[in-house]
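Structure file structure_32.pdb (PDB, C-alpha atoms) is printed below.
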ATOM      1  CA  MET O  54      13.369   7.357  33.581
ATOM      2  CA  HIS O  55      14.981   6.136  36.840
ATOM      3  CA  LEU O  56      14.522   2.476  35.840
ATOM      4  CA  GLY O  57      15.644   2.996  32.261
ATOM      5  CA  TRP O  58      12.318   2.011  30.691
ATOM      6  CA  PHE O  59      12.617   4.341  27.740
ATOM      7  CA  ARG O  60      14.052   4.416  24.239
ATOM      8  CA  PRO O  61      16.368   7.165  23.014
ATOM      9  CA  VAL O  62      14.840   9.191  20.183
ATOM     10  CA  HIS O  63      16.887  10.925  17.524
ATOM     11  CA  CYS O  64      15.904  14.565  17.017
ATOM     12  CA  LYS O  65      16.546  15.545  13.417
ATOM     13  CA  SER O  66      18.692  18.573  12.714
ATOM     14  CA  VAL O  67      17.189  21.811  11.460
ATOM     15  CA  SER O  68      18.809  21.372   8.036
ATOM     16  CA  ALA O  69      17.270  17.888   7.653
ATOM     17  CA  GLN O  70      13.848  19.225   8.600
ATOM     18  CA  GLU O  71      14.222  22.043   6.070
ATOM     19  CA  VAL O  72      15.073  19.570   3.295
ATOM     20  CA  ARG O  73      12.093  17.414   4.267
ATOM     21  CA  ALA O  74       9.892  20.518   4.080
ATOM     22  CA  VAL O  75      11.048  21.202   0.501
ATOM     23  CA  LEU O  76      10.489  17.561  -0.467
ATOM     24  CA  GLY O  77       7.066  17.585   1.166
ATOM     25  CA  ALA O  78       6.084  20.741  -0.713
ATOM     26  CA  ARG O  79       7.272  19.191  -3.984
ATOM     27  CA  LYS O  80       5.232  16.042  -3.328
ATOM     28  CA  ALA O  81       2.103  18.027  -2.444
ATOM     29  CA  VAL O  82       2.319  20.170  -5.611
ATOM     30  CA  GLN O  83       2.986  17.092  -7.737
ATOM     31  CA  GLN O  84      -0.001  15.238  -6.282
ATOM     32  CA  GLY O  85      -2.205  18.299  -6.826
ATOM     33  CA  MET O  86      -1.223  18.464 -10.484
ATOM     34  CA  ILE O  87      -1.813  14.743 -10.995
ATOM     35  CA  ALA O  88      -5.212  15.001  -9.267
ATOM     36  CA  LEU O  89      -6.242  17.789 -11.663
ATOM     37  CA  GLU O  90      -5.141  15.744 -14.662
ATOM     38  CA  MET O  91      -7.119  12.716 -13.504
ATOM     39  CA  SER O  92     -10.168  14.890 -12.819
ATOM     40  CA  LEU O  93      -9.977  16.322 -16.341
ATOM     41  CA  ARG O  94      -9.746  12.853 -17.824
ATOM     42  CA  GLY O  95     -12.748  11.669 -15.803
ATOM     43  CA  LEU O  96     -14.770  14.768 -16.660
ATOM     44  CA  LEU O  97     -14.301  14.289 -20.400
ATOM     45  CA  ARG O  98     -14.744  10.547 -20.284
ATOM     46  CA  ASN O  99     -18.411  11.006 -19.291
ATOM     47  CA  PHE O 100     -18.913  12.571 -22.726
ATOM     48  CA  GLY O 101     -17.063   9.823 -24.593
ATOM     49  CA  LEU O 102     -13.924  11.944 -24.975
ATOM     50  CA  LYS O 103     -10.744   9.993 -24.148
ATOM     51  CA  VAL O 104      -7.469  11.803 -23.625
ATOM     52  CA  GLY O 105      -5.417   8.635 -24.033
ATOM     53  CA  ALA O 106      -1.689   8.215 -23.476
ATOM     54  CA  ILE O 107      -0.018  11.537 -24.140
ATOM     55  CA  ALA O 108       3.118  13.409 -23.134
ATOM     56  CA  ARG O 109       2.717  15.788 -20.208
ATOM     57  CA  GLY O 110       3.740  18.746 -22.367
ATOM     58  CA  GLN O 111       0.896  18.040 -24.808
ATOM     59  CA  PHE O 112      -1.783  17.444 -22.178
ATOM     60  CA  GLU O 113      -3.206  20.972 -22.207
ATOM     61  CA  HIS O 114      -3.356  21.086 -26.012
ATOM     62  CA  ARG O 115      -5.115  17.717 -26.065
ATOM     63  CA  ILE O 116      -7.799  18.848 -23.597
ATOM     64  CA  ARG O 117      -8.526  21.989 -25.606
ATOM     65  CA  GLU O 118      -8.625  19.920 -28.788
ATOM     66  CA  LEU O 119     -11.318  17.665 -27.313
ATOM     67  CA  THR O 120     -13.452  20.479 -25.866
ATOM     68  CA  VAL O 121     -13.330  22.912 -28.778
ATOM     69  CA  GLY O 122     -16.803  23.996 -29.839
ATOM     70  CA  ASN O 123     -18.506  22.956 -26.583
ATOM     71  CA  LEU O 124     -18.992  26.075 -24.491
ATOM     72  CA  MET O 125     -19.971  24.231 -21.315
ATOM     73  CA  LEU O 126     -16.971  21.906 -21.422
ATOM     74  CA  GLU O 127     -14.661  24.812 -22.196
ATOM     75  CA  ALA O 128     -16.051  26.729 -19.203
ATOM     76  CA  ALA O 129     -15.491  23.669 -16.990
ATOM     77  CA  THR O 130     -11.972  22.771 -18.157
ATOM     78  CA  GLU O 131     -10.339  26.200 -18.616
ATOM     79  CA  PRO O 132     -10.070  27.027 -14.870
ATOM     80  CA  MET O 133      -8.653  23.572 -14.208
ATOM     81  CA  LEU O 134      -6.120  23.968 -17.009
ATOM     82  CA  ARG O 135      -5.008  27.341 -15.631
ATOM     83  CA  ALA O 136      -4.624  25.844 -12.157
ATOM     84  CA  ARG O 137      -2.640  22.927 -13.612
ATOM     85  CA  ALA O 138      -0.353  25.305 -15.502
ATOM     86  CA  SER O 139       0.325  27.244 -12.312
ATOM     87  CA  LEU O 140       1.080  24.060 -10.377
ATOM     88  CA  ARG O 141       3.351  22.889 -13.164
ATOM     89  CA  ARG O 142       5.395  26.092 -12.996
ATOM     90  CA  GLU O 143       5.721  25.809  -9.236
ATOM     91  CA  LEU O 144       6.710  22.144  -9.535
ATOM     92  CA  ALA O 145       9.432  23.024 -12.046
ATOM     93  CA  GLU O 146      10.800  25.628  -9.634
ATOM     94  CA  LEU O 147      10.810  23.127  -6.777
ATOM     95  CA  GLU O 148      12.539  20.561  -9.011
ATOM     96  CA  ARG O 149      15.304  23.071  -9.739
ATOM     97  CA  ARG O 150      15.615  23.765  -6.029
ATOM     98  CA  VAL O 151      15.902  20.059  -5.233
ATOM     99  CA  ARG O 152      18.585  19.505  -7.868
ATOM    100  CA  GLN O 153      20.529  22.500  -6.594
ATOM    101  CA  LEU O 154      20.433  21.149  -3.049
ATOM    102  CA  ALA O 155      21.704  17.792  -4.268
ATOM    103  CA  GLN O 156      24.571  19.331  -6.236
ATOM    104  CA  ASP O 157      25.739  21.622  -3.435
ATOM    105  CA  ASP O 158      26.248  18.780  -0.929
ATOM    106  CA  PRO O 159      29.209  16.400  -1.532
ATOM    107  CA  VAL O 160      27.486  13.628   0.463
ATOM    108  CA  ARG O 161      24.422  13.709  -1.768
ATOM    109  CA  HIS O 162      26.693  13.818  -4.806
ATOM    110  CA  ARG O 163      28.359  10.565  -3.681
ATOM    111  CA  LEU O 164      24.997   8.942  -3.036
ATOM    112  CA  MET O 165      23.942   9.795  -6.589
ATOM    113  CA  SER O 166      26.920   7.824  -7.945
ATOM    114  CA  MET O 167      24.746   4.703  -7.605
ATOM    115  CA  PRO O 168      22.555   3.956 -10.669
ATOM    116  CA  GLY O 169      18.884   4.698 -10.005
ATOM    117  CA  ILE O 170      19.630   7.235  -7.266
ATOM    118  CA  GLY O 171      18.565  10.714  -8.316
ATOM    119  CA  ALA O 172      18.373  13.986  -6.478
ATOM    120  CA  VAL O 173      15.036  13.244  -4.801
ATOM    121  CA  VAL O 174      16.100   9.805  -3.502
ATOM    122  CA  ALA O 175      19.464  11.136  -2.277
ATOM    123  CA  LEU O 176      17.823  14.052  -0.457
ATOM    124  CA  THR O 177      15.154  11.789   1.025
ATOM    125  CA  PHE O 178      17.748   9.337   2.319
ATOM    126  CA  ARG O 179      20.025  12.025   3.765
ATOM    127  CA  SER O 180      17.216  13.933   5.473
ATOM    128  CA  ALA O 181      15.634  10.751   6.878
ATOM    129  CA  VAL O 182      18.851   9.250   8.274
ATOM    130  CA  ASP O 183      20.336  12.660   9.170
ATOM    131  CA  ASP O 184      23.276  11.144  11.077
ATOM    132  CA  PRO O 185      24.930   7.899   9.881
ATOM    133  CA  ALA O 186      26.398   7.338  13.347
ATOM    134  CA  ARG O 187      22.876   6.508  14.553
ATOM    135  CA  PHE O 188      23.411   2.983  13.201
ATOM    136  CA  THR O 189      26.262   0.882  14.498
ATOM    137  CA  SER O 190      25.940  -1.306  11.399
ATOM    138  CA  SER O 191      24.697  -0.501   7.894
ATOM    139  CA  LYS O 192      22.589  -3.677   7.976
ATOM    140  CA  LYS O 193      20.308  -2.041  10.548
ATOM    141  CA  VAL O 194      19.017   0.432   7.947
ATOM    142  CA  GLY O 195      16.792  -2.221   6.312
ATOM    143  CA  PRO O 196      14.778  -3.076   9.454
ATOM    144  CA  TRP O 197      14.608   0.611  10.421
ATOM    145  CA  VAL O 198      13.007   1.522   7.084
ATOM    146  CA  GLY O 199      10.591  -1.417   7.331
ATOM    147  CA  LEU O 200      11.914  -3.499   4.420
ATOM    148  CA  THR O 201      12.388  -6.743   6.346
ATOM    149  CA  PRO O 202       9.820  -9.580   6.553
ATOM    150  CA  SER O 203       7.438  -9.515   9.494
ATOM    151  CA  ARG O 204       7.157 -12.570  11.738
ATOM    152  CA  ASN O 205       4.157 -13.880  13.658
ATOM    153  CA  GLN O 206       5.275 -16.267  16.379
ATOM    154  CA  SER O 207       3.057 -17.926  18.965
ATOM    155  CA  GLY O 208       3.784 -21.328  20.426
ATOM    156  CA  GLU O 209       4.662 -23.642  17.544
ATOM    157  CA  ARG O 210       3.509 -21.116  14.960
ATOM    158  CA  ASP O 211       6.197 -19.180  13.117
ATOM    159  CA  VAL O 212       4.875 -17.381  10.033
ATOM    160  CA  SER O 213       6.905 -14.977   7.889
ATOM    161  CA  GLY O 214       4.695 -12.413   6.227
ATOM    162  CA  GLY O 215       5.140  -9.237   4.217
ATOM    163  CA  ILE O 216       7.480  -6.419   5.114
ATOM    164  CA  THR O 217       6.958  -4.641   8.423
ATOM    165  CA  LYS O 218       6.442  -1.191   6.820
ATOM    166  CA  ALA O 219       7.976   0.456   9.869
ATOM    167  CA  GLY O 220       9.816   3.756   9.832
ATOM    168  CA  ASP O 221       9.747   6.539   7.276
ATOM    169  CA  VAL O 222       7.206   5.772   4.543
ATOM    170  CA  ASN O 223       8.700   8.373   2.189
ATOM    171  CA  LEU O 224      12.162   6.835   2.431
ATOM    172  CA  ARG O 225      10.765   3.331   1.935
ATOM    173  CA  ARG O 226       8.876   4.482  -1.146
ATOM    174  CA  ALA O 227      11.962   6.254  -2.513
ATOM    175  CA  LEU O 228      14.151   3.167  -2.068
ATOM    176  CA  CYS O 229      11.557   0.955  -3.786
ATOM    177  CA  GLN O 230      11.353   3.389  -6.698
ATOM    178  CA  ALA O 231      15.153   3.416  -6.985
ATOM    179  CA  ALA O 232      15.179  -0.396  -6.965
ATOM    180  CA  THR O 233      12.552  -0.517  -9.712
ATOM    181  CA  VAL O 234      14.553   1.915 -11.856
ATOM    182  CA  MET O 235      17.750  -0.060 -11.323
ATOM    183  CA  MET O 236      16.089  -3.348 -12.283
ATOM    184  CA  ASN O 237      14.518  -2.020 -15.478
ATOM    185  CA  ARG O 238      16.845   0.692 -16.759
ATOM    186  CA  GLY O 239      20.427   1.803 -16.676
ATOM    187  CA  ARG O 240      23.735   0.085 -17.064
ATOM    188  CA  SER O 241      24.436  -3.408 -15.789
ATOM    189  CA  THR O 242      26.146  -3.626 -12.396
ATOM    190  CA  TRP O 243      26.872  -6.404  -9.913
ATOM    191  CA  LEU O 244      23.939  -5.189  -7.819
ATOM    192  CA  ARG O 245      21.521  -5.402 -10.740
ATOM    193  CA  THR O 246      22.797  -8.904 -11.558
ATOM    194  CA  TRP O 247      22.247  -9.919  -7.940
ATOM    195  CA  ALA O 248      18.648  -8.680  -8.075
ATOM    196  CA  ALA O 249      18.067 -10.475 -11.399
ATOM    197  CA  GLN O 250      19.174 -13.760  -9.820
ATOM    198  CA  ILE O 251      16.691 -13.282  -6.975
ATOM    199  CA  ALA O 252      13.920 -12.381  -9.455
ATOM    200  CA  ARG O 253      14.415 -15.678 -11.291
ATOM    201  CA  ARG O 254      14.254 -17.664  -8.035
ATOM    202  CA  ARG O 255      11.729 -15.740  -5.945
ATOM    203  CA  GLY O 256       9.861 -13.362  -8.286
ATOM    204  CA  ARG O 257      10.269  -9.713  -9.240
ATOM    205  CA  LYS O 258       8.369  -8.258  -6.265
ATOM    206  CA  ARG O 259      10.561  -9.957  -3.692
ATOM    207  CA  ALA O 260      13.627  -9.065  -5.728
ATOM    208  CA  MET O 261      12.572  -5.411  -5.745
ATOM    209  CA  VAL O 262      12.158  -5.386  -1.951
ATOM    210  CA  ALA O 263      15.487  -7.145  -1.436
ATOM    211  CA  LEU O 264      17.204  -4.715  -3.781
ATOM    212  CA  ALA O 265      15.608  -1.704  -2.061
ATOM    213  CA  ARG O 266      16.832  -2.987   1.303
ATOM    214  CA  ARG O 267      20.352  -3.509   0.000
ATOM    215  CA  ILE O 268      20.390  -0.091  -1.666
ATOM    216  CA  GLY O 269      19.679   1.464   1.732
ATOM    217  CA  VAL O 270      22.547  -0.521   3.280
ATOM    218  CA  ILE O 271      24.995   0.504   0.543
ATOM    219  CA  LEU O 272      23.960   4.168   0.674
ATOM    220  CA  HIS O 273      24.620   4.218   4.402
ATOM    221  CA  ARG O 274      28.025   2.639   3.870
ATOM    222  CA  ILE O 275      28.863   5.140   1.104
ATOM    223  CA  TRP O 276      27.895   7.979   3.428
ATOM    224  CA  GLY O 277      29.885   6.642   6.356
ATOM    225  CA  ASP O 278      33.022   5.649   4.425
ATOM    226  CA  GLY O 279      33.178   8.674   2.131
ATOM    227  CA  THR O 280      33.381   6.437  -0.959
ATOM    228  CA  THR O 281      31.345   6.154  -4.164
ATOM    229  CA  PHE O 282      29.461   3.255  -5.705
ATOM    230  CA  GLN O 283      31.588   0.751  -7.626
ATOM    231  CA  ALA O 284      29.961  -0.945 -10.618
ATOM    232  CA  GLU O 285      32.311  -3.927 -10.353
ATOM    233  CA  ALA O 286      31.662  -6.734  -7.877
ATOM    234  CA  PRO O 287      33.085  -5.936  -4.423
ATOM    235  CA  ILE O 288      35.842  -8.002  -2.876
ATOM    236  CA  ASN O 289      34.866 -10.162   0.094
ATOM    237  CA  ARG O 290      36.999 -10.969   3.123
ATOM    238  CA  LYS O 291      38.597 -13.975   1.405
ATOM    239  CA  GLY O 292      39.953 -11.809  -1.383
ATOM    240  CA  PHE O 293      37.499 -12.968  -4.051
ATOM    241  CA  ASN O 294      34.731 -11.151  -5.893
ATOM    242  CA  GLU O 295      31.131 -11.348  -4.762
ATOM    243  CA  PRO O 296      30.231 -15.031  -4.180
ATOM    244  CA  ASN O 297      27.810 -17.006  -6.315
ATOM    245  CA  LEU O 298      24.914 -14.558  -6.681
ATOM    246  CA  ALA O 299      22.373 -17.330  -7.045
ATOM    247  CA  GLN O 300      23.172 -18.524  -3.504
ATOM    248  CA  LEU O 301      22.826 -15.145  -1.815
ATOM    249  CA  PRO O 302      19.785 -14.828   0.485
ATOM    250  CA  ALA O 303      16.966 -12.498  -0.542
TER     251      ALA O 303
END
Rewrite the coordinates I just gave you, this time as structure tokens.
Amino acid sequence: MHLGWFRPVHCKSVSAQEVRAVLGARKAVQQGMIALEMSLRGLLRNFGLKVGAIARGQFEHRIRELTVGNLMLEAATEPMLRARASLRRELAELERRVRQLAQDDPVRHRLMSMPGIGAVVALTFRSAVDDPARFTSSKKVGPWVGLTPSRNQSGERDVSGGITKAGDVNLRRALCQAATVMMNRGRSTWLRTWAAQIARRRGRKRAMVALARRIGVILHRIWGDGTTFQAEAPINRKGFNEPNLAQLPA
């Protein structure tokens, strides 16, 4: 400590930790429900019974339809169906809680002005960053989340590999999901056009990572400036719209 050989660590606020607890509970219940559904599918598949692609609301009816008349299969699946129904009710309650948290906070409401950013992504970003003043520049959010290419340098060797995957894994996953949604659904914006240009030059996976990194940068800027997302191309320092998108680096 005397010599200064230490790094300052940000201690998250109590409110951020509480939001992360709610999001963690939601994720755990969701994973439990999905695990039960996959177990039911695997259990019936051994008997040649395939559930197939079906809406989540019809899943329980489909399982009972396949097991009707078989007492052993009914005895095996009924407890799992009851447990799934209970988890589904709890998940719906947690979803309502998450949406209410997002609507009550003006910062989260501004973050959700960007296409592809829902309540879960906005809450995840706000609780992970906690304080926008932690970053002197919005561009530092990308490396902090682990969405920048890793480099292996030794002597004359200089190899750029995959992303570093540093930082909060839940935030990185949320940003990648938001980027995937923006690229495939929703209205057309300058940001989606920028990602489409990268996808044509470098491939969809690299475009998704680049878009996720830029989403994190823009969300931090929205939070710090108190603005909302603009669907039109931003104005650069020279007074023109966004430069040639095909020439922008990934």
With a distance cut-off of 12 Å and all atoms listed in the file, select the neighbouring residues of range 235-241 of chain O, excluding the residue or stretch itself and same-chain residues fewer than 2 positions from it, and output the selection as a PyMOL selection string. chain O and resi 167-171+228-233+243-252+257-258+260-265+268+283-286
Atomic separation - CA of Val173 in chain O relative to CA of Met133 in chain O, Å: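 Separating CA of Met133 in chain O from CA of Val173 in chain O is a distance of 27.5 Å.
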What is the CA of Arg149 in chain O-CA of Phe178 in chain O distance in Å, reported with one decimal? 18.4 Å
I'd like the neighbourhood of Ala74 in chain O as a count of residues only, where a residue qualifies if any of its atoms comes within 12 Å (using all atoms listed in the file), though same-chain residues fewer than 5 positions away should be ignored. 12
Between CA of Pro132 in chain O and CA of Gly105 in chain O, distance in Å (one decimal):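 Interatomic distance here is 21.1 Å.
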